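Worksheet: the structure to be examined is printed underneath.
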Amino acid sequence: MRTDVSSLMTPLGIVSGEVLLFIEKNGTTTLRNLIHELPWPATLIVMGVGVLIRNGLVQGVQHDLEVTLELTSQPSEAVLAGLT
């Protein structure tokens with residue numbers, strides 16, 4: 001295993017956590033607003049949002065050209081299983 005290659009996992013985890021905290025604090029927001037407000041590259045924010053959607057913590061709804069992000073009302077069974 002090469003150790004000289006930087007890992008994307010740590011920054012992605014940090015960004016995912018910041019996105020989740022932002023949505024918990026501010027409520028429903030747009031992807032565009034997240035990219036504007038958070039101090040991370042847009043590509044990393046989009047990947048972080050993808051992680052949260054995949055884990056069932058956030059849902060995204062497309063409205064024309066905008067994506068609205070909000071917390072899910074109930075965490076998915078996969079998330080709950082991972083917490084026990």
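Residues in the structure tokens are named by chain (A, B, ... in the order shown) and by number from 1 within that chain; ligands are numbered from 1 in the order shown.
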Nearby residues (only C-alpha atoms) at most 10 Å from Pro39 in chain A, same-chain spacing under 6 positions excluded, as a ChimeraX atom specification: /A:15,18,45
How would the residues just chosen look if you wrote them out with C-alpha atoms as an mmCIF file, in the first residue's frame?
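Final file, part_35.cif:
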data_model
loop_
_atom_site.group_PDB
_atom_site.id
_atom_site.type_symbol
_atom_site.label_atom_id
_atom_site.label_comp_id
_atom_site.auth_asym_id
_atom_site.auth_seq_id
_atom_site.Cartn_x
_atom_site.Cartn_y
_atom_site.Cartn_z
ATOM 1 C CA VAL A 15 -16.942 18.287 4.461
ATOM 2 C CA GLU A 18 -19.873 20.453 7.879
ATOM 3 C CA ILE A 45 -19.129 19.776 -1.294
#
Surrounding residues of Val46 in chain A excluding itself and chain neighbours under 2 positions, 12 Å, only C-alpha atoms, as a PyMOL selection string: chain A and resi 12+15-16+19+30-35+38+40-44+48-53+60+67+69
One-decimal distance in Å that lies between CA of Pro11 in chain A and CA of His63 in chain A: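 Atom-to-atom, CA of His63 in chain A to CA of Pro11 in chain A, that is 28.8 Å.
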Pairwise distance for CA of Gln62 in chain A and CA of Thr29 in chain A, rounded to one decimal in Å: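 Between these atoms lies a distance of 11.9 Å.
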All residues 8 Å or closer to Leu71 in chain A, only C-alpha atoms, same chain fewer than 4 positions away omitted, as a list in words: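 Listed by chain and then number, they are Ile23, Glu24, Gly27, Thr28, Leu57, Val58 and Gln59 of chain A.
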Residue subset to file, keeping N, CA and C atoms, as a short mmCIF file (atom, residue, chain, number, x, y, z; two decimals), in the first residue's frame:
data_model
loop_
_atom_site.label_atom_id
_atom_site.label_comp_id
_atom_site.auth_asym_id
_atom_site.auth_seq_id
_atom_site.Cartn_x
_atom_site.Cartn_y
_atom_site.Cartn_z
N ILE A 23 -26.92 22.23 7.50
CA ILE A 23 -28.34 21.99 7.26
C ILE A 23 -29.10 21.86 8.58
N GLU A 24 -28.49 21.24 9.59
CA GLU A 24 -29.14 21.13 10.89
C GLU A 24 -29.36 22.51 11.51
N GLY A 27 -31.51 24.78 8.41
CA GLY A 27 -32.69 24.20 7.78
C GLY A 27 -32.46 23.97 6.29
N THR A 28 -33.55 23.79 5.57
CA THR A 28 -33.50 23.51 4.14
C THR A 28 -32.68 24.58 3.43
N LEU A 57 -29.25 10.50 5.34
CA LEU A 57 -29.34 11.58 6.31
C LEU A 57 -29.92 12.86 5.71
N VAL A 58 -29.76 13.02 4.39
CA VAL A 58 -30.21 14.21 3.69
C VAL A 58 -30.92 13.76 2.42
N GLN A 59 -31.91 14.53 2.01
CA GLN A 59 -32.54 14.26 0.71
C GLN A 59 -32.44 15.50 -0.15
#
